[in-house]
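Student: Dropping in run26.tsv, which is TSV, C-alpha atoms:
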```tsv
chain	number	residue	atom	x	y	z
A	1	LEU	CA	91.82	130.00	105.60
A	2	GLU	CA	95.20	131.23	104.51
A	3	ARG	CA	96.39	134.68	103.50
A	4	ARG	CA	99.63	134.42	101.56
A	5	SER	CA	101.69	137.57	101.09
A	6	HIS	CA	105.43	137.75	100.40
A	7	GLN	CA	105.80	134.06	101.37
A	8	ARG	CA	104.26	134.71	104.79
A	9	VAL	CA	101.30	132.64	105.87
A	10	THR	CA	98.71	133.82	108.39
A	11	MET	CA	96.26	131.23	109.70
A	12	VAL	CA	92.82	132.62	110.47
A	13	PHE	CA	90.70	130.46	112.77
A	14	ILE	CA	86.96	131.02	112.56
A	15	SER	CA	83.95	129.03	113.66
A	16	TYR	CA	81.70	127.00	111.40
A	17	LYS	CA	78.82	129.50	111.86
A	18	GLU	CA	81.08	132.43	110.99
A	19	LEU	CA	82.22	130.59	107.88
A	20	GLN	CA	78.60	130.12	106.82
A	21	ALA	CA	77.79	133.77	107.55
A	22	MET	CA	80.55	134.90	105.21
A	23	ASN	CA	78.57	133.39	102.31
A	24	LEU	CA	81.67	132.85	100.23
A	25	PRO	CA	81.04	131.68	96.67
A	26	GLN	CA	83.78	129.04	97.07
A	27	LEU	CA	81.64	127.26	99.68
A	28	SER	CA	79.25	126.11	96.98
A	29	ARG	CA	81.98	123.75	95.79
A	30	VAL	CA	82.91	122.51	99.26
A	31	SER	CA	81.02	119.71	101.01
A	32	LEU	CA	80.97	120.52	104.72
A	33	PRO	CA	79.75	117.87	107.16
A	34	ASN	CA	76.65	118.89	109.04
A	35	LYS	CA	75.99	118.16	112.68
A	36	ALA	CA	73.62	115.26	111.98
A	37	THR	CA	76.24	113.48	109.83
A	38	SER	CA	78.94	113.94	112.48
A	39	GLU	CA	76.68	112.55	115.18
A	40	ALA	CA	75.73	109.58	112.99
A	41	VAL	CA	79.39	108.74	112.35
A	42	TYR	CA	80.17	109.14	116.05
A	43	LYS	CA	77.36	106.78	117.07
A	44	PHE	CA	78.37	104.31	114.36
A	45	LEU	CA	81.93	104.12	115.64
A	46	LYS	CA	80.91	104.28	119.31
A	47	TYR	CA	78.46	101.37	119.16
A	48	GLY	CA	80.89	99.39	117.02
A	49	LEU	CA	83.62	99.90	119.61
A	50	LEU	CA	81.28	98.86	122.43
A	51	GLU	CA	80.33	95.68	120.56
A	52	THR	CA	84.00	94.97	119.83
A	53	GLN	CA	84.79	95.29	123.54
A	54	TYR	CA	81.86	93.04	124.49
A	55	LEU	CA	82.82	90.31	122.01
A	56	ALA	CA	86.49	90.45	123.00
A	57	GLU	CA	85.60	90.16	126.69
A	58	ASN	CA	83.53	87.05	126.01
A	59	VAL	CA	86.38	85.44	124.07
A	60	ARG	CA	88.65	86.22	127.02
A	61	ASP	CA	86.19	84.72	129.51
A	62	VAL	CA	85.89	81.46	127.55
A	63	VAL	CA	89.65	81.16	126.99
A	64	THR	CA	90.52	81.81	130.63
A	65	GLY	CA	87.86	79.38	131.85
A	66	LYS	CA	85.81	82.06	133.56
A	67	ARG	CA	82.76	80.59	131.83
A	68	GLY	CA	82.05	77.70	129.50
A	69	PHE	CA	81.15	77.78	125.84
A	70	GLU	CA	77.69	76.29	125.96
A	71	SER	CA	74.18	77.36	125.11
A	72	GLY	CA	72.66	79.67	127.72
A	73	ALA	CA	75.95	80.62	129.43
A	74	VAL	CA	75.40	84.25	128.38
A	75	PRO	CA	72.76	85.99	126.24
A	76	GLN	CA	73.41	85.04	122.65
A	77	VAL	CA	73.96	87.57	119.89
A	78	PRO	CA	72.44	87.61	116.38
A	79	THR	CA	74.20	86.63	113.18
A	80	GLY	CA	73.43	87.49	109.57
A	81	PHE	CA	74.06	91.23	110.01
A	82	LYS	CA	70.77	91.58	111.90
A	83	HIS	CA	72.40	94.62	113.53
A	84	ALA	CA	74.26	95.53	110.36
A	85	LYS	CA	75.62	98.91	111.46
A	86	ASN	CA	77.05	97.57	114.72
A	87	ASP	CA	78.50	94.48	113.03
A	88	ILE	CA	80.15	96.45	110.22
A	89	ALA	CA	81.52	99.01	112.68
A	90	SER	CA	82.82	96.20	114.89
A	91	ILE	CA	84.61	94.57	111.94
A	92	ILE	CA	86.19	97.94	111.12
A	93	TRP	CA	87.43	98.28	114.71
A	94	PHE	CA	88.73	94.70	114.75
A	95	THR	CA	90.59	95.31	111.47
A	96	LEU	CA	92.02	98.64	112.60
A	97	LEU	CA	93.26	97.21	115.90
A	98	MET	CA	94.65	94.12	114.16
A	99	PHE	CA	96.49	96.17	111.55
A	100	LEU	CA	97.99	98.62	114.04
A	101	THR	CA	99.02	95.87	116.46
A	102	VAL	CA	100.65	93.80	113.74
A	103	ARG	CA	102.52	96.74	112.23
A	104	LEU	CA	103.71	97.86	115.68
A	105	LEU	CA	105.02	94.40	116.58
A	106	GLN	CA	106.56	93.93	113.15
A	107	SER	CA	108.50	97.18	113.42
A	108	THR	CA	109.59	96.92	117.08
A	109	VAL	CA	109.37	93.60	118.96
A	110	PHE	CA	110.00	91.16	116.12
A	111	PRO	CA	113.14	92.93	114.80
A	112	MET	CA	114.44	92.91	118.39
A	113	ILE	CA	113.94	89.14	118.50
A	114	ALA	CA	115.86	88.89	115.22
A	115	TYR	CA	118.70	90.89	116.77
A	116	VAL	CA	118.77	88.63	119.84
A	117	VAL	CA	119.06	85.43	117.80
A	118	GLY	CA	121.76	86.96	115.61
A	119	VAL	CA	119.89	87.88	112.42
A	120	ARG	CA	121.53	91.05	111.12
A	121	LYS	CA	121.51	93.26	108.11
A	122	THR	CA	124.32	92.44	105.70
A	123	PRO	CA	127.02	95.15	105.90
A	124	GLY	CA	126.69	97.56	102.99
A	125	ALA	CA	123.32	96.16	101.96
A	126	GLN	CA	120.70	98.43	100.44
A	127	LYS	CA	117.76	96.49	101.93
A	128	ASN	CA	117.28	94.94	105.33
A	129	VAL	CA	115.61	91.87	103.84
A	130	LYS	CA	116.80	89.30	106.37
A	131	VAL	CA	115.38	91.08	109.41
A	132	ALA	CA	112.17	91.95	107.53
A	133	LYS	CA	111.59	88.33	106.55
A	134	PHE	CA	112.34	87.14	110.08
A	135	ALA	CA	109.84	89.69	111.48
A	136	GLU	CA	107.25	88.60	108.93
A	137	SER	CA	107.59	84.96	109.99
A	138	CYS	CA	107.27	86.02	113.64
A	139	ARG	CA	104.08	87.85	112.73
A	140	GLU	CA	102.60	84.83	110.99
A	141	ILE	CA	103.49	82.29	113.65
A	142	ALA	CA	102.21	84.60	116.41
A	143	PHE	CA	98.79	85.01	114.82
A	144	TYR	CA	98.25	81.43	113.68
A	145	SER	CA	99.36	80.02	117.02
A	146	LEU	CA	97.06	82.43	118.87
A	147	SER	CA	94.18	81.69	116.51
A	148	LEU	CA	94.55	77.93	116.95
A	149	PHE	CA	94.74	78.29	120.73
A	150	LEU	CA	91.59	80.44	120.80
A	151	SER	CA	89.80	78.05	118.41
A	152	TYR	CA	90.71	75.09	120.59
A	153	ARG	CA	89.42	76.80	123.73
A	154	VAL	CA	86.17	77.87	122.08
A	155	PHE	CA	85.39	74.92	119.78
A	156	SER	CA	87.08	71.91	121.39
A	157	ASN	CA	83.80	70.49	122.71
A	158	GLU	CA	81.77	71.18	119.58
A	159	SER	CA	80.83	67.98	117.71
A	160	TRP	CA	80.47	69.77	114.36
A	161	MET	CA	84.20	70.52	114.35
A	162	TYR	CA	84.89	66.77	113.98
A	163	ASN	CA	81.69	65.47	112.35
A	164	LEU	CA	80.75	67.51	109.29
A	165	ASP	CA	77.14	66.30	109.31
A	166	GLU	CA	76.73	68.06	112.65
A	167	MET	CA	77.25	71.38	110.86
A	168	TRP	CA	73.74	71.00	109.46
A	169	LYS	CA	72.08	69.68	112.60
A	170	PHE	CA	69.91	72.74	113.11
A	171	ASP	CA	70.37	74.36	109.70
A	172	ARG	CA	71.18	78.05	110.22
A	173	GLN	CA	72.52	79.60	113.42
A	174	TYR	CA	70.59	82.81	113.90
A	175	MET	CA	71.92	83.28	117.44
A	176	VAL	CA	75.42	82.36	118.65
A	177	ASP	CA	77.60	82.75	121.70
A	178	PRO	CA	79.36	86.16	121.74
A	179	ALA	CA	82.71	84.38	121.99
A	180	PHE	CA	81.98	82.60	118.69
A	181	LYS	CA	81.13	85.88	116.99
A	182	GLY	CA	84.15	87.61	118.51
A	183	LEU	CA	86.52	84.91	117.28
A	184	TYR	CA	84.85	85.06	113.86
A	185	PHE	CA	85.44	88.81	113.57
A	186	PHE	CA	88.98	88.36	114.92
A	187	GLU	CA	89.71	85.92	112.08
A	188	ALA	CA	88.11	88.12	109.42
A	189	SER	CA	90.11	91.12	110.63
A	190	TRP	CA	93.37	89.19	110.11
A	191	TYR	CA	92.65	88.67	106.43
A	192	LEU	CA	91.36	92.22	105.96
A	193	ALA	CA	94.49	93.61	107.62
A	194	GLY	CA	96.53	91.13	105.58
A	195	MET	CA	95.13	92.55	102.35
A	196	ILE	CA	96.35	96.00	103.41
A	197	SER	CA	99.75	94.59	104.37
A	198	LEU	CA	100.08	92.82	101.02
A	199	LEU	CA	99.65	96.16	99.27
A	200	LEU	CA	102.22	97.85	101.52
A	201	ASP	CA	104.87	95.11	101.75
A	202	ALA	CA	107.31	94.00	99.07
A	203	LYS	CA	105.59	92.00	96.36
A	204	LYS	CA	106.24	88.26	96.34
A	205	LYS	CA	106.06	85.70	93.57
A	206	ASP	CA	102.53	84.67	94.46
A	207	PHE	CA	101.21	88.15	95.32
A	208	TYR	CA	98.14	87.80	93.12
A	209	GLN	CA	97.35	84.29	94.35
A	210	MET	CA	97.74	85.40	97.98
A	211	PHE	CA	95.63	88.52	97.47
A	212	ALA	CA	92.93	86.49	95.72
A	213	HIS	CA	93.09	83.95	98.56
A	214	HIS	CA	92.52	86.73	101.12
A	215	VAL	CA	89.63	88.18	99.11
A	216	PHE	CA	87.96	84.77	98.77
A	217	THR	CA	88.48	84.01	102.47
A	218	VAL	CA	86.99	87.34	103.57
A	219	LEU	CA	84.01	86.81	101.26
A	220	LEU	CA	83.60	83.29	102.64
A	221	LEU	CA	83.59	84.51	106.21
A	222	MET	CA	81.24	87.42	105.52
A	223	ILE	CA	78.78	85.44	103.37
A	224	SER	CA	78.73	82.53	105.82
A	225	PHE	CA	78.09	85.06	108.61
A	226	HIS	CA	75.37	86.76	106.54
A	227	GLN	CA	73.75	83.39	105.80
A	228	SER	CA	74.11	82.29	109.45
A	229	HIS	CA	76.32	79.32	108.46
A	230	MET	CA	79.12	80.21	110.88
A	231	ARG	CA	79.96	76.58	111.61
A	232	VAL	CA	81.16	76.22	108.00
A	233	GLY	CA	83.28	79.36	108.28
A	234	ALA	CA	84.81	78.21	111.56
A	235	VAL	CA	85.78	74.81	110.14
A	236	VAL	CA	87.31	76.51	107.09
A	237	PHE	CA	89.51	78.98	108.98
A	238	VAL	CA	90.67	76.31	111.46
A	239	LEU	CA	91.70	74.08	108.54
A	240	HIS	CA	93.58	76.98	106.97
A	241	ASN	CA	95.47	77.75	110.18
A	242	ILE	CA	96.62	74.31	111.30
A	243	SER	CA	99.61	73.90	108.98
A	244	ASP	CA	100.92	77.48	108.84
A	245	PRO	CA	102.75	77.63	112.22
A	246	PHE	CA	104.98	74.73	111.15
A	247	LEU	CA	106.02	76.54	107.96
A	248	GLN	CA	106.86	79.73	109.84
A	249	LEU	CA	108.73	77.74	112.48
A	250	ALA	CA	110.80	76.07	109.75
A	251	LYS	CA	111.66	79.47	108.29
A	252	LEU	CA	112.62	80.92	111.68
A	253	PHE	CA	114.93	77.97	112.35
A	254	LYS	CA	116.54	78.45	108.96
A	255	TYR	CA	117.06	82.20	109.37
A	256	THR	CA	118.67	81.59	112.77
A	257	TYR	CA	120.79	78.76	111.36
A	258	ASP	CA	122.07	81.01	108.57
A	259	ALA	CA	122.75	83.81	111.05
A	260	SER	CA	124.93	81.45	113.12
A	261	GLY	CA	127.20	80.94	110.15
A	262	LYS	CA	125.65	77.51	109.62
A	263	LYS	CA	127.42	76.24	112.74
A	264	LEU	CA	124.36	75.19	114.78
A	265	THR	CA	123.39	72.22	112.62
A	266	ILE	CA	120.66	71.23	115.09
A	267	LEU	CA	118.68	74.27	113.90
A	268	ASP	CA	118.88	73.00	110.32
A	269	VAL	CA	117.52	69.64	111.50
A	270	PHE	CA	114.66	71.35	113.34
A	271	SER	CA	113.93	73.40	110.23
A	272	THR	CA	113.67	70.31	108.06
A	273	ILE	CA	111.49	68.46	110.57
A	274	SER	CA	109.15	71.45	110.89
A	275	PHE	CA	108.85	71.73	107.12
A	276	VAL	CA	108.06	68.02	106.73
A	277	VAL	CA	105.32	68.32	109.37
A	278	PHE	CA	103.99	71.40	107.55
A	279	MET	CA	103.94	69.58	104.22
A	280	ILE	CA	102.00	66.64	105.68
A	281	MET	CA	99.54	68.88	107.53
A	282	PHE	CA	98.99	71.07	104.48
A	283	PHE	CA	98.20	68.04	102.33
A	284	LEU	CA	95.81	66.55	104.87
A	285	THR	CA	93.95	69.74	105.82
A	286	ARG	CA	93.74	71.55	102.49
A	287	LEU	CA	93.81	68.80	99.88
A	288	VAL	CA	91.98	66.02	101.74
A	289	TYR	CA	89.78	67.33	104.54
A	290	TYR	CA	88.95	70.69	102.94
A	291	PRO	CA	87.40	69.11	99.79
A	292	MET	CA	85.33	66.99	102.20
A	293	VAL	CA	83.91	70.24	103.61
A	294	ILE	CA	82.97	71.33	100.09
A	295	HIS	CA	81.32	67.95	99.48
A	296	SER	CA	79.38	68.31	102.73
A	297	CYS	CA	78.18	71.81	101.79
A	298	HIS	CA	77.09	70.74	98.33
A	299	PHE	CA	75.66	67.27	98.88
A	300	ARG	CA	75.09	66.96	102.63
A	301	GLY	CA	73.91	70.47	103.42
A	302	PRO	CA	70.42	71.99	103.53
A	303	SER	CA	69.31	70.21	100.37
A	304	PHE	CA	69.95	66.81	102.00
A	305	PHE	CA	68.96	67.31	105.64
A	306	PHE	CA	66.16	69.84	105.22
A	307	ASP	CA	64.95	69.05	101.71
A	308	ARG	CA	65.20	72.60	100.44
A	309	PRO	CA	67.14	74.00	97.48
A	310	HIS	CA	70.25	76.05	98.02
A	311	GLU	CA	69.71	79.78	97.97
A	312	PRO	CA	71.80	81.92	95.55
A	313	LEU	CA	74.18	83.13	98.28
A	314	GLU	CA	74.61	79.57	99.52
A	315	ASN	CA	75.63	78.56	96.00
A	316	THR	CA	78.02	81.52	95.98
A	317	LEU	CA	79.47	80.24	99.25
A	318	ILE	CA	80.07	76.81	97.72
A	319	GLY	CA	81.62	78.44	94.64
A	320	LEU	CA	84.06	80.46	96.76
A	321	LEU	CA	85.00	77.37	98.75
A	322	THR	CA	85.74	75.59	95.49
A	323	ALA	CA	87.73	78.55	94.11
A	324	LEU	CA	90.32	78.12	96.87
A	325	VAL	CA	91.17	74.57	95.78
A	326	PRO	CA	93.28	75.57	92.70
A	327	ILE	CA	95.23	78.02	94.89
A	328	HIS	CA	95.90	75.25	97.40
A	329	ILE	CA	97.08	72.96	94.58
A	330	PHE	CA	99.40	75.70	93.27
A	331	TRP	CA	100.86	76.23	96.73
A	332	PHE	CA	101.38	72.51	97.24
A	333	TYR	CA	103.28	72.49	93.94
A	334	LEU	CA	105.54	75.18	95.39
A	335	ILE	CA	105.91	73.14	98.57
A	336	ILE	CA	107.07	70.14	96.53
A	337	LYS	CA	109.66	72.38	94.86
A	338	VAL	CA	110.96	73.46	98.27
A	339	ALA	CA	111.09	69.81	99.36
A	340	GLN	CA	113.22	69.02	96.33
A	341	LYS	CA	115.58	71.87	97.23
A	342	ALA	CA	115.68	70.65	100.84
A	343	LEU	CA	117.09	67.33	99.67
A	344	LYS	CA	120.12	69.26	98.46
A	345	SER	CA	120.41	72.04	101.00
A	346	SER	CA	117.83	73.37	103.50
A	347	VAL	CA	114.42	74.90	103.64
A	348	ASP	CA	114.00	78.35	102.16
A	349	ASP	CA	110.96	80.52	101.56
A	350	VAL	CA	109.73	79.75	98.05
A	351	ARG	CA	107.34	82.68	98.40
A	352	SER	CA	110.32	85.02	98.23
A	353	ASP	CA	110.88	88.56	97.15
A	354	SER	CA	112.53	89.22	93.85
A	355	ASP	CA	115.56	90.11	96.00
A	356	ASP	CA	115.90	87.09	98.28
A	357	GLU	CA	118.86	88.25	100.30
A	358	ASP	CA	120.31	91.56	101.37
A	359	SER	CA	122.21	92.76	98.37
A	360	ALA	CA	125.09	95.15	98.53
A	361	PRO	CA	125.41	97.70	95.73
A	362	PRO	CA	127.65	96.51	92.91
A	363	PRO	CA	131.20	97.88	93.05
A	364	THR	CA	131.98	100.65	90.63
A	365	LYS	CA	135.15	100.68	88.52
A	366	LYS	CA	137.54	103.48	89.33
A	367	THR	CA	138.45	105.60	86.40
A	368	GLN	CA	142.13	106.17	85.77
```
Mind turning this structure into structure tokens?
Tutor:
Amino acid sequence: LERRSHQRVTMVFISYKELQAMNLPQLSRVSLPNKATSEAVYKFLKYGLLETQYLAENVRDVVTGKRGFESGAVPQVPTGFKHAKNDIASIIWFTLLMFLTVRLLQSTVFPMIAYVVGVRKTPGAQKNVKVAKFAESCREIAFYSLSLFLSYRVFSNESWMYNLDEMWKFDRQYMVDPAFKGLYFFEASWYLAGMISLLLDAKKKDFYQMFAHHVFTVLLLMISFHQSHMRVGAVVFVLHNISDPFLQLAKLFKYTYDASGKKLTILDVFSTISFVVFMIMFFLTRLVYYPMVIHSCHFRGPSFFFDRPHEPLENTLIGLLTALVPIHIFWFYLIIKVAQKALKSSVDDVRSDSDDEDSAPPPTKKTQ
């Protein structure tokens, strides 16, 4: 409560019970949380945090070799939002931790790396675009490299990662290894945090395509988890992650090459090689192998192996998988445009801001 008199403010601290006893008419318009609601929220967040810790510890144990990723190694955990409150709370914690970690690194560590390799803000520039773009590429390559490493450690011995028919071997997965579930939530949190970052960062040419891609990917992961088809979701996010580190590596080489005054030509060569590898991997994973996953879901899935019709959410899953194909085609068109530019100069980020470089304010004419 505040008492304002002659621009002086006095804060009056009273308890919740005292506030109720005052029976102020204004309270009828104020929604005050009761004790039961506060306890429910506390338990919701507490159990979600405990599950997040448990899943993360299992991912760590598999990655470090403390235990194997095989059936019966540890008690399995349910899929399909069987424990909906805990799962939703865990996803919230994963997303919050992912977002805070990424923003912290992007504002501290990654700009320091840019400074070390010589990327600087242009003198007199209004925006620090060069350092921001370098930090963004560091963010992307750090996540995708980590995600691929974790996926390799967890899924490398799984036959369904290489033989799509194996995805449907036992139909749905109602129970999975905690490391699988932890990695699944880790991946979903990246795209959820990415949606927030897209809204906060400078808009790029393909903002709407990227935002739609993130929405579709999150829906794919959540529906596949809800339907206990996590093998499909895992194959999809691994395919999406394979090519991205090479693109970010090409951009980092180029930013460093430009910062050197274009003297270290070896960096320009590395940038071009990385981009060519990215272009090949993108084509193979997203325009060749990814449509094969869609074909497997539609024609080789439950309707083929278990002689049952697809359920509505399974059809929705197939529809979302298909909806990503036009976005991939659009991006490959942009990649071809960059390749054409690379024949003349060097690789640049076609997904650029409207202001590609640091721009100094235009000089003003002095009046006589």
Student: Considering only C-alpha atoms, return as JSON, numbers by chain whatever protein or nucleic-acid residues lie within 8 Å of region 323-335 of chain A, sequence-local ones (same chain, fewer than 4 positions apart) excluded.
Tutor: {"A": [209, 213, 216, 279, 282, 283, 286, 287, 291, 319, 339, 350]}
Student: Which is closest to Ser90 (chain A) among A:Gln76, A:Thr256, A:Gln173, A:Ser189, if we use only C-alpha atoms?
Tutor: A:Ser189
Student: Need the shell around Val74 (chain A): protein/DNA/RNA residues with any atom at most 10 Å away, counting only C-alpha atoms. Skip same-chain ones fewer than 6 positions apart. Format as a list in words?
Tutor: Asn58, Arg67, Gly68, Val176, Asp177, Pro178 and Ala179 of chain A
Student: Write to file, as a PDB file, in the coordinates of the input, the residues of the selection just made, with C-alpha atoms.
Tutor:
```pdb
ATOM      1  CA  ASN A  58      83.530  87.050 126.010  1.00  0.00           C
ATOM      2  CA  ARG A  67      82.760  80.590 131.830  1.00  0.00           C
ATOM      3  CA  GLY A  68      82.050  77.700 129.500  1.00  0.00           C
ATOM      4  CA  VAL A 176      75.420  82.360 118.650  1.00  0.00           C
ATOM      5  CA  ASP A 177      77.600  82.750 121.700  1.00  0.00           C
ATOM      6  CA  PRO A 178      79.360  86.160 121.740  1.00  0.00           C
ATOM      7  CA  ALA A 179      82.710  84.380 121.990  1.00  0.00           C
TER       8      ALA A 179
END
```
Student: Which residues, written as a ChimeraX atom specification, have at least one atom at most 10 Å from region 134-139 of chain A, with only C-alpha atoms counted and residues fewer than 4 positions away on the same chain left out?
Tutor: /A:102-103,105-115,119,129-130,143-144,201,245,247-256
Student: In terms of the shortest atom-to-atom distance over all atoms listed in the file, which of A:Ile141, A:Ala40, A:Leu183, A:Val232 is closest to Val63 (chain A)?
Tutor: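 Under the stated criterion, the closest residue is A:Leu183.
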Student: Return the single residue from A:Tyr42, A:Phe99, A:Tyr191, A:Tyr162 that is closest to Leu239 (chain A), with distances computed using only C-alpha atoms.
Tutor: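 Under the stated criterion, the closest residue is A:Tyr162.
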Student: Would you mind telling me which residue in A:Leu146, A:Leu55, A:Ile242, A:Ala36 lies nearest to Tyr184 (chain A) when using all atoms listed in the file?
Tutor: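 Closest candidate: A:Leu55.
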Student: For CA of Glu187 (chain A) and CA of Tyr152 (chain A), quote the distance in Å rounded to one decimal.
Tutor: 13.8 Å
Student: So which one's closest to Phe186 (chain A), A:Val59, A:Leu200, A:Val338, A:Val77? Using all atoms listed in the file, please.
Tutor: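 The shortest atom-to-atom distance to Phe186 (chain A) comes from A:Val59.
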Student: With all atoms listed in the file as the basis for distance, which of A:Asp206, A:Asp244, A:Asp258, A:Glu39 is at the shortest distance from Leu148 (chain A)?
Tutor: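 Counting all atoms listed in the file, the residue closest to Leu148 (chain A) is A:Asp244.
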Student: State, in Å with one decimal place, the distance from CA of Val215 (chain A) to CA of Phe44 (chain A).
Tutor: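 CA of Val215 (chain A) sits 24.9 Å away from CA of Phe44 (chain A).
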Student: Can you tell me, as number ranges by chain, what residues are no more than 12 Å from Asn163 (chain A) when counting all atoms listed in the file, ignoring any on the same chain fewer than 3 positions away?
Tutor: A: 157-160, 166-169, 231-232, 235, 289, 292-293, 296, 300
Student: Which residues, written as a CSV table (one decimal) with C-alpha atoms, keeping the file's coordinate frame, have at least one atom at most 10 Å from Leu219 (chain A), with only C-alpha atoms counted and residues fewer than 3 positions away on the same chain left out?
Tutor:
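The resulting file, around.csv, is reproduced below:
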```csv
chain,number,residue,atom,x,y,z
A,188,ALA,CA,88.1,88.1,109.4
A,213,HIS,CA,93.1,84.0,98.6
A,214,HIS,CA,92.5,86.7,101.1
A,215,VAL,CA,89.6,88.2,99.1
A,216,PHE,CA,88.0,84.8,98.8
A,222,MET,CA,81.2,87.4,105.5
A,223,ILE,CA,78.8,85.4,103.4
A,224,SER,CA,78.7,82.5,105.8
A,225,PHE,CA,78.1,85.1,108.6
A,316,THR,CA,78.0,81.5,96.0
A,317,LEU,CA,79.5,80.2,99.2
A,320,LEU,CA,84.1,80.5,96.8
A,321,LEU,CA,85.0,77.4,98.8
```
